[in-house]
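Okay, so here's the structure we're looking at.
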Amino acid sequence: MKKKIAASLILAITAAVLACGCGKEKEVETNVVDLTVPPVAEVEEVPEEEPVEPEITHEGEAQSLLTGEWLPEEQTKNRPFAIMFGNTTDALPQYGIGEADVLYECLVEGGLTRLMGIYDDYNAAPKYGSVRSCRLYYAHIAAEYDAIYAHYGQASIAKSYLNSDAIDNLNGLDGSVESLMYYRSSDRSAPHNVFAKPEGIKAAIEKKGYRTTYKDDFNGHFLFAEDEEPVTINGKDAYAMQTTYPNSKTWFEYDAASGLYKRFHYKKEHVDGETGEQLAFKNVIFQFIPGRVIDSKGRMEFDTVGSGKAIYFTNGKCEDITWKKEDLKSPSLFYDGNGDQLVMNQGKTSICIITTDSADNIGIYETADAWNAR
């Protein structure tokens, strides 16, 4: 009996020990950390840096006196080149005219106009033409720019001025440079078939021994806006403007996409024959100058020395300005309503000289709808 009791006690103690051991084992298992899963680290947010605009230094460059645009410094020292273009329907399209940095249009006779392009570099186009004859007031304007002036003949009234030391010119009809510089194209009839190429221009300048850089004291015609400070006019809107030229009927329309005024004449776009591209300008000036007929052929004379009114157009706006030219050797300078010299936007300029007695007949249209409904 005692043996049975002892055996029962041993079995009970053994069961209790086993039960305690199992409990501890389960407790350990519940506290095991799975070391195969790495802990998630907190990501520190790094603020994005603002992009830094590269500083524009224009090292080795200078501003063109014709456009205000930055060019290689040596190029801006080049003396300008000016050339006369015929402007009748038989003379169209003109070649090289789209490369002009400054373009003038003015009446000659019979309601016709001629054009003069002024260039920083005569290598800008492969050829120029058709080249036509000089009018005295055009020679005066070319001299204002310290330009070498190219033309094929001249009105008789201009001969004495052209033969003086007042202007360096390349005349196709005085026997000095015609064979070097000018040639006639076979696809047009005279007198609309005279052209010039850069290599001929270079040879003619060298033969004449003309100075090829600006005068040391020459400061130019225009003041231009700084790179990051374009001119904003507070005047009225000017989507389109119409000149008073009876034949070409030149007009301009503002292209907001490019910020330029596109040039039209003879009822269509004014294009360059070389590129096929329409002429377009950042600045347009209507300059009102007294003009009169001086002979039986209807030739004109303009009082380029003096002062008067003008209108400046840029970026789809316009404002009234004035001009003043003290003498034949001085440039025509333009002034704003405060009497300060006009600050213009960088880019090409088209200047239309209009007689003062027809100034009231120009048209300025504020919107495309107003222009189309005229």
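Lettering and numbering for the structure tokens are positional, with chains as A, B, ... in the shown order, residues counted from 1 in each chain, and ligands counted from 1 in the shown order.
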Query raised in the report: Could you write out, as an NGL selection string, all the residues of range 65-300 of chain A that DSSP marks as strand (DSSP E)?
Result: :A and (70-72 or 81-85 or 102-107 or 113-119 or 128-129 or 148-151 or 169-171 or 182-184 or 194-196 or 223-224 or 240-242 or 251-255 or 260-265 or 268-269 or 280-281 or 283-289 or 291-293 or 300)
Exercise: range 100-105 of chain A partners within 6 Å, only C-alpha atoms, chain neighbours under 5 positions left out, as a JSON list (two decimals) with C-alpha atoms, in the first residue's frame:
```json
[["chain", "number", "residue", "atom", "x", "y", "z"],
["A", 114, "ARG", "CA", 12.98, 103.41, -102.40],
["A", 115, "LEU", "CA", 14.45, 101.52, -99.51],
["A", 116, "MET", "CA", 17.83, 101.68, -97.83],
["A", 117, "GLY", "CA", 19.14, 98.85, -95.68],
["A", 118, "ILE", "CA", 21.87, 99.46, -93.11],
["A", 119, "TYR", "CA", 23.98, 96.51, -91.90],
["A", 348, "LYS", "CA", 15.83, 95.57, -85.75],
["A", 349, "THR", "CA", 14.19, 98.90, -86.61],
["A", 350, "SER", "CA", 12.13, 100.02, -89.61],
["A", 351, "ILE", "CA", 11.90, 103.80, -90.12],
["A", 352, "CYS", "CA", 9.26, 105.18, -92.48]]
```
Requested in this report: Go ahead and compute the interatomic distance for CA of Asn169 in chain A and CA of Ser330 in chain A, in Å to one decimal.
Outcome: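 Answer for the CA of Asn169 in chain A to CA of Ser330 in chain A separation: 18.0 Å.
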Range 156-275 of chain A residues near range 131-140 of chain A within 12 Å, closest pair each, using only C-alpha atoms, as a tab-separated table:
```
residue	atom	partner	partner_atom	distance
A:Ser156	CA	A:Arg135	CA	8.8
A:Ile157	CA	A:Leu136	CA	6.8
A:Ala158	CA	A:Leu136	CA	4.7
A:Lys159	CA	A:Leu136	CA	8.4
A:Ser160	CA	A:Leu136	CA	9.7
A:Tyr161	CA	A:Leu136	CA	7.7
A:Leu162	CA	A:Ala139	CA	7.7
A:Asn163	CA	A:Ala139	CA	11.4
A:Ser164	CA	A:Ala139	CA	11.7
A:Ala166	CA	A:His140	CA	9.0
A:Ile167	CA	A:Ala139	CA	7.6
A:Asp168	CA	A:Ala139	CA	9.7
A:Asn169	CA	A:Ala139	CA	8.8
A:Leu170	CA	A:Cys134	CA	10.6
A:Asn171	CA	A:Ser133	CA	8.6
A:Gly172	CA	A:Ser133	CA	8.8
A:Leu173	CA	A:Ser133	CA	9.2
A:Asp174	CA	A:Ser133	CA	11.8
A:Glu178	CA	A:Val131	CA	11.9
A:Met181	CA	A:Val131	CA	11.2
A:Tyr182	CA	A:Val131	CA	8.7
A:Tyr183	CA	A:Val131	CA	10.0
A:Arg184	CA	A:Val131	CA	10.0
A:Ser185	CA	A:Val131	CA	11.3
A:Ala190	CA	A:Arg132	CA	10.5
A:Pro191	CA	A:Arg132	CA	7.8
A:His192	CA	A:Val131	CA	7.4
A:Asn193	CA	A:Val131	CA	7.8
A:Val194	CA	A:Val131	CA	5.4
A:Phe195	CA	A:Val131	CA	5.8
A:Ala196	CA	A:Val131	CA	7.6
A:Lys197	CA	A:Val131	CA	11.1
```
Report task. Tell me which protein, DNA and RNA residues are within 10 Å of Gln242 in chain A, counting only C-alpha atoms, leaving out same-chain ones fewer than 2 positions away, and put them as a ChimeraX atom specification. Result -> /A:240,244-245,249-253,264-265,286,361-365,371
With C-alpha atoms retained, write the just-selected residues as a short mmCIF file (atom, residue, chain, number, x, y, z; two decimals), in the first residue's frame.
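Generated output (out-v9.cif):
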```cif
data_model
loop_
_atom_site.label_atom_id
_atom_site.label_comp_id
_atom_site.auth_asym_id
_atom_site.auth_seq_id
_atom_site.Cartn_x
_atom_site.Cartn_y
_atom_site.Cartn_z
CA ALA A 240 -1.51 97.55 -87.17
CA THR A 244 0.66 107.04 -96.68
CA TYR A 245 2.84 105.81 -99.58
CA LYS A 249 0.94 101.21 -99.33
CA THR A 250 3.29 99.76 -96.72
CA TRP A 251 1.75 98.57 -93.46
CA PHE A 252 2.73 96.56 -90.36
CA GLU A 253 0.88 94.00 -88.23
CA PHE A 264 3.64 94.18 -95.74
CA HIS A 265 3.57 96.09 -99.03
CA PHE A 286 7.04 106.86 -88.40
CA ASN A 361 -3.60 110.31 -93.16
CA ILE A 362 -1.71 107.47 -91.49
CA GLY A 363 -3.77 104.76 -89.85
CA ILE A 364 -3.26 103.17 -86.42
CA TYR A 365 -5.57 100.29 -85.53
CA TRP A 371 -7.81 96.50 -88.88
#
```
List every residue of range 255-278 of chain A that has an atom at most 9 Å from any atom of range 307-320 of chain A, and for each one report the closest atom pair and its distance in Å to one decimal, counting only C-alpha atoms, with rows sorted by chain and then by increasing residue number, as a tab-separated table.
```
residue	atom	partner	partner_atom	distance
A:Asp255	CA	A:Gly316	CA	8.2
A:Ala256	CA	A:Gly316	CA	7.5
A:Gly259	CA	A:Asn315	CA	5.7
A:Leu260	CA	A:Asn315	CA	6.8
A:Tyr261	CA	A:Thr314	CA	7.7
```
Requested in this report: Assign secondary structure with DSSP using the backbone only, and return the residues of range 167-233 of chain A in helix (DSSP H, G or I) as a list in words.
Outcome: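 The helix (DSSP H, G or I) subset of range 167-233 of chain A is Glu178, Ser179, Leu180, Met181, Pro198, Glu199, Gly200, Ile201, Lys202, Ala203, Ala204, Ile205, Glu206, Lys207 and Lys208 of chain A.
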Keeping only all heavy atoms, write the selected residues to a file as an mmCIF file, in the first residue's frame.
```
data_model
loop_
_atom_site.group_PDB
_atom_site.id
_atom_site.type_symbol
_atom_site.label_atom_id
_atom_site.label_comp_id
_atom_site.auth_asym_id
_atom_site.auth_seq_id
_atom_site.Cartn_x
_atom_site.Cartn_y
_atom_site.Cartn_z
ATOM 1 N N GLU A 178 32.397 99.705 -110.644
ATOM 2 C CA GLU A 178 31.299 98.939 -111.238
ATOM 3 C C GLU A 178 31.698 97.503 -111.549
ATOM 4 O O GLU A 178 31.004 96.550 -111.184
ATOM 5 C CB GLU A 178 30.793 99.618 -112.509
ATOM 6 C CG GLU A 178 29.622 98.856 -113.148
ATOM 7 C CD GLU A 178 29.063 99.553 -114.366
ATOM 8 O OE1 GLU A 178 29.668 100.534 -114.831
ATOM 9 O OE2 GLU A 178 28.011 99.102 -114.856
ATOM 10 N N SER A 179 32.828 97.308 -112.220
ATOM 11 C CA SER A 179 33.229 95.964 -112.617
ATOM 12 C C SER A 179 33.644 95.103 -111.435
ATOM 13 O O SER A 179 33.564 93.873 -111.486
ATOM 14 C CB SER A 179 34.377 96.037 -113.631
ATOM 15 O OG SER A 179 35.498 96.697 -113.062
ATOM 16 N N LEU A 180 34.088 95.741 -110.358
ATOM 17 C CA LEU A 180 34.483 95.003 -109.167
ATOM 18 C C LEU A 180 33.290 94.539 -108.344
ATOM 19 O O LEU A 180 33.259 93.415 -107.839
ATOM 20 C CB LEU A 180 35.371 95.881 -108.276
ATOM 21 C CG LEU A 180 36.851 96.006 -108.615
ATOM 22 C CD1 LEU A 180 37.500 97.003 -107.665
ATOM 23 C CD2 LEU A 180 37.539 94.652 -108.518
ATOM 24 N N MET A 181 32.302 95.413 -108.211
ATOM 25 C CA MET A 181 31.261 95.214 -107.199
ATOM 26 C C MET A 181 29.907 94.795 -107.766
ATOM 27 O O MET A 181 29.197 93.996 -107.153
ATOM 28 C CB MET A 181 31.110 96.505 -106.386
ATOM 29 C CG MET A 181 30.019 96.461 -105.343
ATOM 30 S SD MET A 181 30.083 97.933 -104.301
ATOM 31 C CE MET A 181 28.495 97.836 -103.494
ATOM 32 N N PRO A 198 28.994 90.104 -101.422
ATOM 33 C CA PRO A 198 29.944 90.542 -100.397
ATOM 34 C C PRO A 198 31.391 90.624 -100.866
ATOM 35 O O PRO A 198 32.104 91.573 -100.516
ATOM 36 C CB PRO A 198 29.776 89.483 -99.296
ATOM 37 C CG PRO A 198 28.380 89.018 -99.437
ATOM 38 C CD PRO A 198 28.114 89.026 -100.913
ATOM 39 N N GLU A 199 31.822 89.648 -101.674
ATOM 40 C CA GLU A 199 33.217 89.692 -102.116
ATOM 41 C C GLU A 199 33.488 90.901 -103.009
ATOM 42 O O GLU A 199 34.583 91.490 -102.982
ATOM 43 C CB GLU A 199 33.596 88.400 -102.845
ATOM 44 C CG GLU A 199 32.716 88.031 -104.022
ATOM 45 C CD GLU A 199 31.563 87.110 -103.669
ATOM 46 O OE1 GLU A 199 31.101 87.175 -102.512
ATOM 47 O OE2 GLU A 199 31.142 86.336 -104.545
ATOM 48 N N GLY A 200 32.479 91.305 -103.804
ATOM 49 C CA GLY A 200 32.620 92.498 -104.628
ATOM 50 C C GLY A 200 32.619 93.763 -103.791
ATOM 51 O O GLY A 200 33.360 94.718 -104.077
ATOM 52 N N ILE A 201 31.799 93.784 -102.761
ATOM 53 C CA ILE A 201 31.758 94.931 -101.851
ATOM 54 C C ILE A 201 33.117 95.094 -101.174
ATOM 55 O O ILE A 201 33.667 96.201 -101.096
ATOM 56 C CB ILE A 201 30.644 94.747 -100.804
ATOM 57 C CG1 ILE A 201 29.269 94.695 -101.489
ATOM 58 C CG2 ILE A 201 30.689 95.859 -99.761
ATOM 59 C CD1 ILE A 201 28.145 94.242 -100.584
ATOM 60 N N LYS A 202 33.672 93.996 -100.703
ATOM 61 C CA LYS A 202 34.975 94.023 -100.042
ATOM 62 C C LYS A 202 36.054 94.556 -100.990
ATOM 63 O O LYS A 202 36.869 95.417 -100.615
ATOM 64 C CB LYS A 202 35.345 92.626 -99.559
ATOM 65 C CG LYS A 202 36.669 92.527 -98.800
ATOM 66 C CD LYS A 202 36.870 91.099 -98.285
ATOM 67 C CE LYS A 202 38.119 91.005 -97.414
ATOM 68 N NZ LYS A 202 39.361 91.201 -98.189
ATOM 69 N N ALA A 203 36.046 94.059 -102.235
ATOM 70 C CA ALA A 203 37.050 94.497 -103.204
ATOM 71 C C ALA A 203 36.917 95.988 -103.506
ATOM 72 O O ALA A 203 37.924 96.697 -103.648
ATOM 73 C CB ALA A 203 36.912 93.670 -104.491
ATOM 74 N N ALA A 204 35.671 96.471 -103.615
ATOM 75 C CA ALA A 204 35.453 97.890 -103.915
ATOM 76 C C ALA A 204 35.907 98.779 -102.754
ATOM 77 O O ALA A 204 36.514 99.838 -102.967
ATOM 78 C CB ALA A 204 33.978 98.127 -104.212
ATOM 79 N N ILE A 205 35.625 98.365 -101.527
ATOM 80 C CA ILE A 205 36.055 99.136 -100.357
ATOM 81 C C ILE A 205 37.573 99.197 -100.293
ATOM 82 O O ILE A 205 38.169 100.246 -100.008
ATOM 83 C CB ILE A 205 35.471 98.527 -99.065
ATOM 84 C CG1 ILE A 205 33.947 98.719 -99.027
ATOM 85 C CG2 ILE A 205 36.114 99.145 -97.822
ATOM 86 C CD1 ILE A 205 33.258 97.993 -97.888
ATOM 87 N N GLU A 206 38.208 98.072 -100.569
ATOM 88 C CA GLU A 206 39.671 98.045 -100.543
ATOM 89 C C GLU A 206 40.257 98.940 -101.630
ATOM 90 O O GLU A 206 41.245 99.648 -101.400
ATOM 91 C CB GLU A 206 40.165 96.604 -100.710
ATOM 92 C CG GLU A 206 39.908 95.736 -99.490
ATOM 93 C CD GLU A 206 40.322 94.298 -99.693
ATOM 94 O OE1 GLU A 206 40.636 93.927 -100.859
ATOM 95 O OE2 GLU A 206 40.330 93.534 -98.705
ATOM 96 N N LYS A 207 39.666 98.922 -102.827
ATOM 97 C CA LYS A 207 40.172 99.771 -103.907
ATOM 98 C C LYS A 207 40.056 101.249 -103.542
ATOM 99 O O LYS A 207 40.968 102.046 -103.809
ATOM 100 C CB LYS A 207 39.419 99.494 -105.199
ATOM 101 C CG LYS A 207 39.912 100.354 -106.357
ATOM 102 C CD LYS A 207 39.167 100.110 -107.638
ATOM 103 C CE LYS A 207 39.703 101.049 -108.732
ATOM 104 N NZ LYS A 207 39.006 100.850 -110.027
ATOM 105 N N LYS A 208 38.935 101.608 -102.916
ATOM 106 C CA LYS A 208 38.717 103.004 -102.538
ATOM 107 C C LYS A 208 39.556 103.401 -101.318
ATOM 108 O O LYS A 208 39.760 104.592 -101.059
ATOM 109 C CB LYS A 208 37.232 103.227 -102.221
ATOM 110 C CG LYS A 208 36.313 103.194 -103.436
ATOM 111 C CD LYS A 208 36.395 104.517 -104.184
ATOM 112 C CE LYS A 208 35.295 104.666 -105.198
ATOM 113 N NZ LYS A 208 35.324 106.000 -105.855
#
```
**Report entry** Tyr214 in chain A environment, 10 Å, only C-alpha atoms, sequence neighbours closer than 4 positions dropped, as a ChimeraX atom specification
**Finding:** /A:76-80,145-147,218-220
Convert the current residue selection to file output with C-alpha atoms, as a tab-separated table (two decimals), in the first residue's frame.
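Result saved to result.tsv:
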```tsv
chain	number	residue	atom	x	y	z
A	76	THR	CA	30.59	95.89	-83.39
A	77	LYS	CA	33.54	98.05	-84.43
A	78	ASN	CA	32.83	97.44	-88.11
A	79	ARG	CA	31.71	100.47	-90.04
A	80	PRO	CA	28.09	99.99	-91.24
A	145	TYR	CA	25.29	106.29	-89.45
A	146	ASP	CA	28.95	106.72	-90.52
A	147	ALA	CA	28.08	104.15	-93.19
A	218	PHE	CA	30.82	107.99	-83.04
A	219	ASN	CA	28.10	107.05	-80.52
A	220	GLY	CA	25.26	106.02	-82.80
```
Query - Residues near Glu274 in chain A, cut-off 12 Å, only C-alpha atoms, skip fewer than 3 positions along chain, as JSON, numbers by chain - result: {"A": [92, 93, 94, 95, 96, 97, 98, 99, 124, 125, 126, 127, 128, 129, 271, 277, 278, 279]}
Requested in this report: Please provide the set of residues having any atom within 9 Å of Ser64 in chain A, restricted to only C-alpha atoms, with same-chain residues fewer than 3 positions apart removed, written as a list in words.
Outcome: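 Residues meeting the cut-off are Thr67, Gly68, Glu69, Trp70, Leu71, Glu73, Gln75, Thr76, Lys77 and Asp120 of chain A.
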